[in-house]
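Containing mmCIF, C-alpha atoms: structure-v1.cif.
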```cif
data_run
loop_
_atom_site.label_atom_id
_atom_site.label_comp_id
_atom_site.auth_asym_id
_atom_site.auth_seq_id
_atom_site.Cartn_x
_atom_site.Cartn_y
_atom_site.Cartn_z
CA MET A 420 30.34 9.45 -13.40
CA PRO A 421 29.52 13.21 -13.07
CA THR A 422 32.44 15.30 -11.83
CA ASN A 423 30.33 17.45 -9.49
CA VAL A 424 29.26 14.77 -7.02
CA THR A 425 29.79 15.44 -3.33
CA ALA A 426 32.41 14.02 -0.99
CA GLU A 427 29.59 12.17 0.79
CA TYR A 428 28.65 10.49 -2.49
CA LEU A 429 32.24 9.44 -3.16
CA ALA A 430 32.51 7.99 0.35
CA ALA A 431 29.28 6.03 -0.18
CA GLU A 432 30.54 4.81 -3.56
CA GLU A 433 33.71 3.51 -1.92
CA GLU A 434 31.57 1.85 0.75
CA TYR A 435 29.66 0.10 -2.04
CA ARG A 436 32.91 -1.16 -3.61
CA GLN A 437 34.00 -2.60 -0.28
CA ALA A 438 30.61 -4.17 0.50
CA ARG A 439 30.50 -7.97 0.56
CA THR A 440 26.90 -8.79 1.47
CA ILE A 441 23.67 -7.71 -0.20
CA PRO A 442 22.45 -5.73 2.87
CA GLU A 443 25.80 -3.87 2.93
CA LYS A 444 25.49 -3.07 -0.78
CA ILE A 445 21.91 -1.84 -0.38
CA ARG A 446 22.86 0.44 2.51
CA ALA A 447 25.74 1.93 0.50
CA LEU A 448 23.54 2.44 -2.58
CA GLU A 449 20.92 4.16 -0.43
CA LYS A 450 23.58 6.60 0.76
CA MET A 451 24.71 7.18 -2.83
CA TYR A 452 21.16 7.88 -3.96
CA ALA A 453 20.53 10.24 -1.03
CA THR A 454 23.71 12.26 -1.63
CA VAL A 455 23.92 12.45 -5.43
CA PRO A 456 23.13 15.99 -6.61
CA LYS A 457 19.63 16.19 -8.11
CA HIS A 458 19.71 17.84 -11.53
CA LYS A 459 19.35 16.95 -15.21
CA GLY A 460 22.96 15.82 -15.48
CA THR A 461 22.59 13.16 -12.76
CA GLU A 462 19.21 11.79 -13.89
CA LYS A 463 20.68 8.64 -15.45
CA LEU A 464 22.93 8.06 -12.44
CA ARG A 465 20.00 8.25 -10.01
CA LEU A 466 18.05 5.87 -12.22
CA GLN A 467 20.94 3.38 -12.33
CA ILE A 468 21.30 3.43 -8.54
CA LYS A 469 17.58 2.97 -8.01
CA ARG A 470 17.36 0.03 -10.41
CA LYS A 471 20.43 -1.58 -8.81
CA ILE A 472 18.74 -1.33 -5.39
CA SER A 473 15.64 -2.96 -6.86
CA GLU A 474 17.71 -5.82 -8.33
CA LEU A 475 19.49 -6.40 -5.02
CA ARG A 476 16.19 -6.35 -3.11
CA LYS A 477 14.81 -9.08 -5.37
CA GLU A 478 18.02 -11.09 -5.00
CA LEU A 479 17.89 -10.76 -1.21
CA GLU A 480 14.25 -11.90 -1.12
CA LYS A 481 15.16 -14.90 -3.27
CA GLN A 482 18.10 -15.81 -1.02
CA GLN A 483 16.03 -15.58 2.15
CA SER A 484 13.21 -17.59 0.61
CA GLN A 485 15.67 -20.37 -0.32
CA ARG A 486 17.28 -20.20 3.11
CA LYS A 487 13.92 -20.73 4.79
CA GLY A 488 13.44 -23.78 2.57
CA GLY A 489 9.87 -24.33 3.58
CA GLY A 490 10.56 -23.37 7.18
CA TYR A 491 8.63 -20.96 9.38
CA SER A 492 6.75 -18.23 7.51
CA PHE A 493 3.76 -15.99 8.06
CA SER A 494 0.56 -15.81 6.07
CA VAL A 495 -2.86 -14.44 6.96
CA LYS A 496 -5.87 -15.50 4.92
CA LYS A 497 -7.91 -12.49 3.87
CA GLU A 498 -11.43 -12.36 5.26
CA GLY A 499 -14.13 -9.72 5.39
CA ALA A 500 -14.49 -6.79 3.01
CA SER A 501 -10.84 -5.72 3.24
CA GLN A 502 -7.62 -6.33 5.19
CA VAL A 503 -5.70 -3.62 7.07
CA VAL A 504 -2.43 -4.27 8.89
CA LEU A 505 -1.45 -2.52 12.11
CA ALA A 506 2.29 -1.95 11.69
CA GLY A 507 4.82 -0.16 13.84
CA LEU A 508 7.87 -0.52 16.04
CA PRO A 509 7.74 -2.80 19.10
CA ASN A 510 5.67 -1.71 22.12
CA VAL A 511 3.68 1.07 20.44
CA GLY A 512 0.31 -0.38 21.50
CA LYS A 513 -0.76 -2.40 18.45
CA SER A 514 -2.15 -5.24 20.60
CA SER A 515 -4.18 -2.83 22.73
CA LEU A 516 -5.62 -1.25 19.59
CA LEU A 517 -6.57 -4.62 18.11
CA LYS A 518 -8.28 -5.50 21.38
CA VAL A 519 -10.45 -2.37 21.48
CA LEU A 520 -11.12 -2.23 17.73
CA ALA A 521 -11.92 -5.89 17.13
CA GLY A 522 -12.54 -7.35 20.60
CA VAL A 523 -9.71 -9.86 20.21
CA ASP A 524 -8.70 -11.67 23.40
CA ILE A 525 -4.99 -10.96 23.20
CA ASP A 526 -2.11 -10.67 25.65
CA VAL A 527 -1.24 -7.03 26.25
CA ALA A 528 1.94 -6.12 28.11
CA ASP A 529 4.07 -3.01 28.49
CA TYR A 530 7.22 -4.49 27.01
CA PRO A 531 8.47 -5.16 23.45
CA PHE A 532 7.75 -8.29 21.36
CA THR A 533 4.67 -9.42 23.28
CA THR A 534 3.28 -10.37 19.87
CA VAL A 535 5.42 -12.91 18.02
CA GLU A 536 3.25 -13.65 14.98
CA PRO A 537 0.52 -11.82 13.04
CA ILE A 538 -2.84 -11.81 14.83
CA PRO A 539 -6.07 -11.15 12.90
CA GLY A 540 -9.34 -9.75 14.20
CA MET A 541 -12.60 -8.53 12.66
CA MET A 542 -13.77 -4.94 13.13
CA ASN A 543 -17.46 -4.31 12.48
CA HIS A 544 -18.30 -0.80 11.31
CA LYS A 545 -21.42 0.30 9.46
CA ASP A 546 -22.42 -3.35 9.02
CA VAL A 547 -19.14 -4.07 7.22
CA GLN A 548 -16.53 -6.55 8.48
CA ILE A 549 -12.95 -5.28 8.05
CA GLN A 550 -10.10 -7.59 8.94
CA LEU A 551 -7.37 -6.03 11.07
CA VAL A 552 -4.03 -7.81 11.36
CA GLU A 553 -1.54 -6.90 14.05
CA VAL A 554 2.00 -7.44 12.79
CA PRO A 555 4.81 -8.01 15.33
CA GLY A 556 7.05 -5.00 15.87
CA LEU A 557 9.36 -4.06 13.04
CA ILE A 558 12.94 -3.06 13.81
CA GLU A 559 15.55 -1.10 11.90
CA GLY A 560 16.98 -3.36 9.21
CA ALA A 561 13.81 -5.49 8.99
CA ALA A 562 13.74 -5.33 5.20
CA LEU A 563 17.35 -6.53 5.14
CA GLY A 564 16.48 -9.66 7.11
CA LYS A 565 16.62 -8.63 10.80
CA GLY A 566 14.03 -9.90 13.25
CA MET A 567 12.10 -12.02 10.72
CA GLY A 568 11.53 -8.69 9.00
CA THR A 569 11.13 -9.99 5.47
CA GLN A 570 8.34 -12.36 6.54
CA LEU A 571 6.56 -9.58 8.44
CA LEU A 572 6.92 -7.13 5.56
CA SER A 573 5.48 -9.79 3.25
CA VAL A 574 2.27 -9.74 5.33
CA ILE A 575 2.21 -5.94 5.07
CA ARG A 576 2.78 -6.04 1.30
CA ASN A 577 -0.17 -8.41 0.85
CA ALA A 578 -2.64 -6.31 2.85
CA ASP A 579 -5.09 -3.92 1.21
CA ALA A 580 -4.05 -0.94 3.35
CA ILE A 581 -1.74 -0.02 6.24
CA ALA A 582 -2.35 1.65 9.59
CA ILE A 583 1.03 2.81 10.92
CA VAL A 584 0.96 2.91 14.72
CA VAL A 585 3.30 5.30 16.54
CA ASP A 586 3.80 5.83 20.26
CA LEU A 587 3.32 9.47 21.33
CA SER A 588 5.27 8.86 24.54
CA GLN A 589 8.39 8.43 22.38
CA ASP A 590 9.80 10.38 19.42
CA PRO A 591 7.18 9.80 16.67
CA ILE A 592 9.33 11.37 13.94
CA LYS A 593 12.12 8.88 14.54
CA GLN A 594 9.60 6.02 14.53
CA MET A 595 8.13 7.16 11.21
CA LYS A 596 11.57 7.50 9.60
CA ILE A 597 12.45 3.92 10.55
CA ILE A 598 9.11 2.50 9.36
CA LEU A 599 9.05 4.40 6.06
CA LYS A 600 12.65 3.46 5.32
CA GLU A 601 11.88 -0.23 5.83
CA PHE A 602 8.76 0.07 3.68
CA GLU A 603 10.76 1.70 0.90
CA ARG A 604 13.43 -0.99 1.13
CA ALA A 605 10.72 -3.65 0.90
CA GLY A 606 9.23 -2.06 -2.21
CA ILE A 607 6.11 -0.73 -0.43
CA LYS A 608 5.11 2.66 -1.84
CA VAL A 609 2.96 4.39 0.77
CA ASN A 610 0.39 7.05 -0.20
CA LYS A 611 2.06 7.53 -3.55
CA LYS A 612 0.43 7.40 -6.97
CA ARG A 613 1.26 4.48 -9.21
CA PRO A 614 2.58 5.97 -12.47
CA LYS A 615 -0.11 5.81 -15.15
CA VAL A 616 1.81 3.62 -17.55
CA GLU A 617 0.09 0.57 -19.02
CA ILE A 618 2.22 -2.26 -20.41
CA LYS A 619 0.56 -4.86 -22.62
CA ARG A 620 2.99 -7.58 -23.68
CA MET A 621 2.58 -8.98 -27.19
CA PRO A 622 4.01 -12.10 -28.87
CA MET A 623 5.47 -9.99 -31.70
CA GLY A 624 5.46 -6.53 -33.22
CA GLY A 625 8.27 -4.86 -31.27
CA ILE A 626 7.83 -1.93 -28.92
CA ILE A 627 5.00 0.55 -29.51
CA ILE A 628 4.86 3.56 -27.17
CA ASN A 629 1.67 5.62 -27.10
CA GLY A 630 2.09 9.01 -25.43
CA GLN A 631 5.86 9.04 -25.91
CA HIS A 632 5.86 12.84 -25.64
CA LEU A 633 4.85 12.48 -21.97
CA ILE A 634 8.13 10.75 -21.08
CA GLN A 635 10.46 13.34 -19.55
CA GLY A 636 13.83 11.85 -20.43
CA ASP A 637 15.94 10.03 -22.97
CA ILE A 638 13.83 7.50 -24.88
CA GLY A 639 17.00 5.43 -25.30
CA GLU A 640 17.03 4.88 -21.54
CA VAL A 641 13.41 3.74 -21.74
CA MET A 642 14.28 1.15 -24.38
CA LYS A 643 17.24 0.01 -22.29
CA MET A 644 14.96 -0.48 -19.25
CA LEU A 645 12.53 -2.51 -21.33
CA ARG A 646 15.32 -4.79 -22.59
CA GLU A 647 16.61 -5.28 -19.04
CA GLU A 648 13.12 -6.36 -17.97
CA GLY A 649 12.96 -8.83 -20.88
CA ILE A 650 10.28 -6.83 -22.68
CA HIS A 651 10.96 -6.93 -26.43
CA SER A 652 7.44 -6.77 -27.80
CA ALA A 653 4.73 -4.73 -26.12
CA GLU A 654 2.28 -1.87 -26.48
CA ILE A 655 3.00 0.76 -23.86
CA THR A 656 0.56 3.57 -23.12
CA VAL A 657 1.78 6.55 -21.09
CA LYS A 658 -1.22 8.47 -19.69
CA GLU A 659 0.50 11.26 -17.75
CA PRO A 660 3.87 13.04 -17.64
CA VAL A 661 6.46 10.65 -16.16
CA THR A 662 10.16 10.87 -15.37
CA LEU A 663 12.55 8.03 -16.14
CA GLU A 664 12.35 7.00 -12.47
CA ASP A 665 8.54 6.95 -12.67
CA PHE A 666 8.77 4.75 -15.77
CA SER A 667 11.20 2.45 -13.96
CA ASP A 668 8.73 2.12 -11.05
CA ALA A 669 5.93 1.26 -13.49
CA LEU A 670 8.08 -1.56 -14.88
CA ASP A 671 9.08 -2.92 -11.48
CA GLU A 672 6.58 -5.67 -10.68
CA SER A 673 8.06 -6.13 -7.20
CA LEU A 674 6.65 -2.77 -6.06
CA VAL A 675 3.28 -2.46 -4.33
CA TRP A 676 1.29 0.73 -3.77
CA ARG A 677 -0.70 1.03 -0.56
CA LYS A 678 -2.84 3.65 1.14
CA ALA A 679 -1.96 4.34 4.76
CA ILE A 680 -2.92 6.39 7.80
CA ILE A 681 -1.04 7.10 11.03
CA ILE A 682 -2.57 6.08 14.36
CA ALA A 683 -0.92 8.26 17.02
CA ASN A 684 -1.40 6.08 20.11
CA LYS A 685 -0.86 6.78 23.84
CA GLY A 686 -2.33 10.27 23.56
CA ASP A 687 -3.04 10.16 27.30
CA VAL A 688 0.61 10.22 28.43
CA PRO A 689 2.60 13.31 29.48
CA GLY A 690 4.29 15.01 26.53
CA SER A 691 2.01 13.37 23.98
CA LYS A 692 0.45 16.68 22.90
CA GLU A 693 3.80 18.16 21.91
CA ASN A 694 4.83 14.98 20.08
CA TYR A 695 1.50 14.89 18.25
CA GLU A 696 2.00 18.48 17.09
CA ARG A 697 5.47 17.61 15.78
CA LEU A 698 4.04 14.61 13.98
CA VAL A 699 1.33 16.70 12.32
CA GLU A 700 3.82 19.39 11.31
CA THR A 701 6.05 16.79 9.63
CA TYR A 702 3.59 14.34 8.04
CA ASN A 703 0.20 16.04 7.77
CA ASP A 704 0.69 16.73 4.06
CA ARG A 705 1.12 13.03 3.30
CA PHE A 706 -0.89 11.14 5.94
CA LYS A 707 -4.15 11.42 7.80
CA ILE A 708 -3.17 11.31 11.49
CA ILE A 709 -5.61 10.08 14.13
CA PRO A 710 -4.69 10.66 17.80
CA VAL A 711 -6.03 7.96 20.13
CA SER A 712 -5.52 6.31 23.48
CA ALA A 713 -6.14 2.57 23.31
CA LYS A 714 -5.72 2.38 27.08
CA LYS A 715 -8.51 4.91 27.74
CA LYS A 716 -10.48 4.01 24.59
CA ALA A 717 -10.31 7.62 23.49
CA ASN A 718 -11.23 8.55 19.89
CA ILE A 719 -11.77 4.90 18.96
CA GLU A 720 -15.03 5.51 17.08
CA VAL A 721 -13.33 8.19 15.00
CA LEU A 722 -10.52 5.74 14.26
CA LYS A 723 -13.01 3.07 13.13
CA GLU A 724 -14.51 5.52 10.64
CA GLU A 725 -11.06 6.47 9.33
CA LEU A 726 -10.14 2.80 8.86
CA TYR A 727 -13.42 2.31 7.02
CA GLN A 728 -12.67 5.27 4.75
CA LEU A 729 -9.11 4.02 4.21
CA VAL A 730 -10.19 0.81 2.47
CA ASP A 731 -12.50 2.54 -0.06
CA ILE A 732 -15.56 0.41 0.67
CA ILE A 733 -19.16 1.14 -0.31
CA ARG A 734 -22.23 -0.62 1.07
CA VAL A 735 -24.89 -1.68 -1.42
CA PHE A 736 -28.26 -3.06 -0.37
CA THR A 737 -30.11 -5.48 -2.61
CA LYS A 738 -33.83 -5.98 -2.91
CA SER A 739 -36.37 -8.10 -4.75
CA PRO A 740 -39.34 -6.46 -6.54
CA GLY A 741 -42.05 -5.44 -4.08
CA GLU A 742 -39.90 -6.21 -1.01
CA ASP A 743 -37.80 -4.21 1.45
CA PRO A 744 -33.99 -4.05 1.04
CA ALA A 745 -32.14 -7.12 2.31
CA TYR A 746 -29.81 -6.93 5.30
CA PRO A 747 -26.82 -6.89 5.76
CA PRO A 748 -25.49 -4.89 2.80
CA ILE A 749 -22.94 -6.14 0.28
CA ALA A 750 -19.51 -4.54 0.71
CA LEU A 751 -17.84 -3.54 -2.56
CA LYS A 752 -14.83 -1.49 -3.60
CA LYS A 753 -15.45 2.13 -4.60
CA GLY A 754 -15.98 2.32 -8.33
CA SER A 755 -18.04 -0.87 -8.43
CA LYS A 756 -20.86 -1.20 -10.96
CA VAL A 757 -24.30 -2.82 -11.02
CA LEU A 758 -22.86 -5.89 -12.76
CA ASP A 759 -20.51 -6.41 -9.78
CA VAL A 760 -23.57 -6.65 -7.53
CA ALA A 761 -25.20 -9.15 -9.89
CA GLU A 762 -22.05 -11.30 -9.84
CA ARG A 763 -21.92 -11.23 -6.02
CA ILE A 764 -25.55 -12.39 -5.80
CA HIS A 765 -25.14 -15.27 -8.26
CA LYS A 766 -23.27 -15.82 -11.50
CA ASP A 767 -26.59 -16.52 -13.27
CA PHE A 768 -27.79 -13.01 -12.41
CA ALA A 769 -24.76 -11.57 -14.17
CA LYS A 770 -25.03 -13.97 -17.10
CA ASN A 771 -28.74 -13.30 -17.64
CA PHE A 772 -28.71 -9.63 -16.62
CA LYS A 773 -31.49 -7.58 -18.22
CA TYR A 774 -31.57 -4.30 -16.27
CA ALA A 775 -31.57 -2.98 -12.71
CA ARG A 776 -33.39 -0.33 -10.71
CA VAL A 777 -31.41 1.86 -8.33
CA TRP A 778 -32.36 4.03 -5.36
CA GLY A 779 -29.81 6.26 -3.64
CA LYS A 780 -27.02 8.75 -4.31
CA SER A 781 -26.10 7.40 -7.75
CA ALA A 782 -29.68 7.49 -9.06
CA LYS A 783 -31.09 10.56 -10.80
CA PHE A 784 -34.49 9.65 -9.35
CA PRO A 785 -35.78 6.82 -7.11
CA GLY A 786 -35.98 3.51 -8.89
CA GLN A 787 -34.00 4.68 -11.94
CA ARG A 788 -33.64 1.96 -14.57
CA VAL A 789 -29.95 1.41 -15.34
CA GLY A 790 -27.64 -0.89 -17.26
CA PRO A 791 -24.78 -3.13 -16.03
CA ASP A 792 -22.14 -0.36 -16.16
CA HIS A 793 -23.98 2.06 -13.86
CA MET A 794 -21.53 3.27 -11.17
CA LEU A 795 -22.76 2.80 -7.62
CA GLU A 796 -22.31 4.87 -4.46
CA ASP A 797 -22.40 4.12 -0.76
CA GLY A 798 -25.86 3.26 0.54
CA ASP A 799 -27.44 2.56 -2.86
CA ILE A 800 -30.27 0.05 -3.13
CA VAL A 801 -30.17 -2.21 -6.20
CA GLU A 802 -32.92 -4.39 -7.66
CA ILE A 803 -31.62 -6.79 -10.32
CA HIS A 804 -33.87 -7.95 -13.16
CA ALA A 805 -32.67 -10.98 -15.14
CA ARG A 806 -34.01 -12.82 -18.16
#
```
Please, can you express the file's structure as structure tokens?
Amino acid sequence: MPTNVTAEYLAAEEEYRQARTIPEKIRALEKMYATVPKHKGTEKLRLQIKRKISELRKELEKQQSQRKGGGYSFSVKKEGASQVVLAGLPNVGKSSLLKVLAGVDIDVADYPFTTVEPIPGMMNHKDVQIQLVEVPGLIEGAALGKGMGTQLLSVIRNADAIAIVVDLSQDPIKQMKIILKEFERAGIKVNKKRPKVEIKRMPMGGIIINGQHLIQGDIGEVMKMLREEGIHSAEITVKEPVTLEDFSDALDESLVWRKAIIIANKGDVPGSKENYERLVETYNDRFKIIPVSAKKKANIEVLKEELYQLVDIIRVFTKSPGEDPAYPPIALKKGSKVLDVAERIHKDFAKNFKYARVWGKSAKFPGQRVGPDHMLEDGDIVEIHAR
């Protein structure tokens, strides 16, 4: 252990030694990680703490899953072009938002825990159906098992994106700190880049690391991490500079990476303007923040557009030769290609694909003839020609 750690670190370390339950150990390790001095000499220590937290999180999830033993759990079948969860503390107005965004007939009351299970609804925007799911209010300690927190966080982990709802009539900074801490504990990385490290397991051949010079740390620690994960034969490609902690995150299959926005609700109440300004000052560099009032239906159309942008959807219209474009459009993820459209129409179109003609932003000229790998943009019109 480094000799220049703080008294706070030593106290947290003692707390960890005395801990008896997994939640107690996780809390102590979080304090250790937060208080350990951050410099080259403590890099390995920070990495060890972080990986221990990850191991304990997996163990806790396993314990709670076994304890449920097939009992009550939450799951929401994905429908529409994408799924976005509305997550926040109790009584921040998630039900009211779902009602105005998706027209769901839902009980709305001005007290906590009105919603006791996830409620889905479909929001229509630009002819695209986006599924919104209201998740019951999270509380501090949710990721450690409080208030059915692990089940609720499982719904959030499985969604395509997250809309964090905060109440501007209360302290929004405190709300965000609680939510982000529970997300981090649950292995949900919000608005962070997944490290560009590709791992291709192989039956034999040992460890091959391409781009080893991009790893900022002891390669011995990298090999140790690989052994701990049971990876003894693999080709690893590092595509950008990464720290040891970044490499550890790339290895950790329990982590999920999700885009998120903040919905600042109850913008009609006294004091909301000041709280909104504090929220923007603190989180504007990491989140897009949309002020709304679900009660007065203020700024709802702007919010719909932001939710649409959040899920990275493009609309593609299809047409047959000599006919007008079909309606409604096909919703696809950004980065989709012509072949993706062919597969959505019918597998035979993809199998027998010959060429396509494209009109729109991605075309150099109207009706451009393109191949299967042509990248599409929002609003494009595609005419598939098959053999």
Have a look at CA of Ile597 in chain A and CA of Phe493 in chain A and let me know their distance in Å, one decimal.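 If I compute the distance from CA of Ile597 in chain A to CA of Phe493 in chain A, I get 21.9 Å.
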9 Å contact set for Leu674 in chain A, all atoms listed in the file, chain neighbours under 6 positions out, as a PDB file with C-alpha atoms, in the coordinates of the input:
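Writing the result to selection12.pdb gives the following:
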```pdb
ATOM      1  CA  ARG A 576       2.780  -6.040   1.300  1.00  0.00           C
ATOM      2  CA  ALA A 605      10.720  -3.650   0.900  1.00  0.00           C
ATOM      3  CA  GLY A 606       9.230  -2.060  -2.210  1.00  0.00           C
ATOM      4  CA  ILE A 607       6.110  -0.730  -0.430  1.00  0.00           C
ATOM      5  CA  LYS A 608       5.110   2.660  -1.840  1.00  0.00           C
ATOM      6  CA  ASP A 668       8.730   2.120 -11.050  1.00  0.00           C
TER       7      ASP A 668
END
```
Can you tell me which residues surround Ser588 in chain A at a distance of at most 8 Å, considering only C-alpha atoms, apart from same-chain residues fewer than 3 positions away, and format the answer as an NGL selection string? :A and (685-686 or 688-691 or 694)
Kindly resolve the PyMOL selection byres ((chain A and resi 786) around 10) on the present coordinates and return the residues as a PyMOL selection string. chain A and resi 775-779+782-785+787-789+800-802
Given all atoms listed in the file as the basis, pick out the residue of A:Leu726, A:Ala713, A:Val609, A:Ala561 nearest to Val511 in chain A.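 Between A:Leu726, A:Ala713, A:Val609, A:Ala561, the residue approaching Val511 in chain A most closely is A:Ala713.
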Mind checking which residues fall within 12 Å of Thr461 in chain A, counting only C-alpha atoms, ignoring those fewer than 5 positions away in the same chain, and posting them as a list of chain:residue names?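 After dropping sequence-adjacent residues, the list is A:Met420, A:Pro421, A:Thr422, A:Asn423, A:Val424, A:Met451, A:Tyr452, A:Thr454, A:Val455, A:Pro456, A:Leu466, A:Gln467, A:Ile468, A:Gly636, A:Leu663, A:Glu664.
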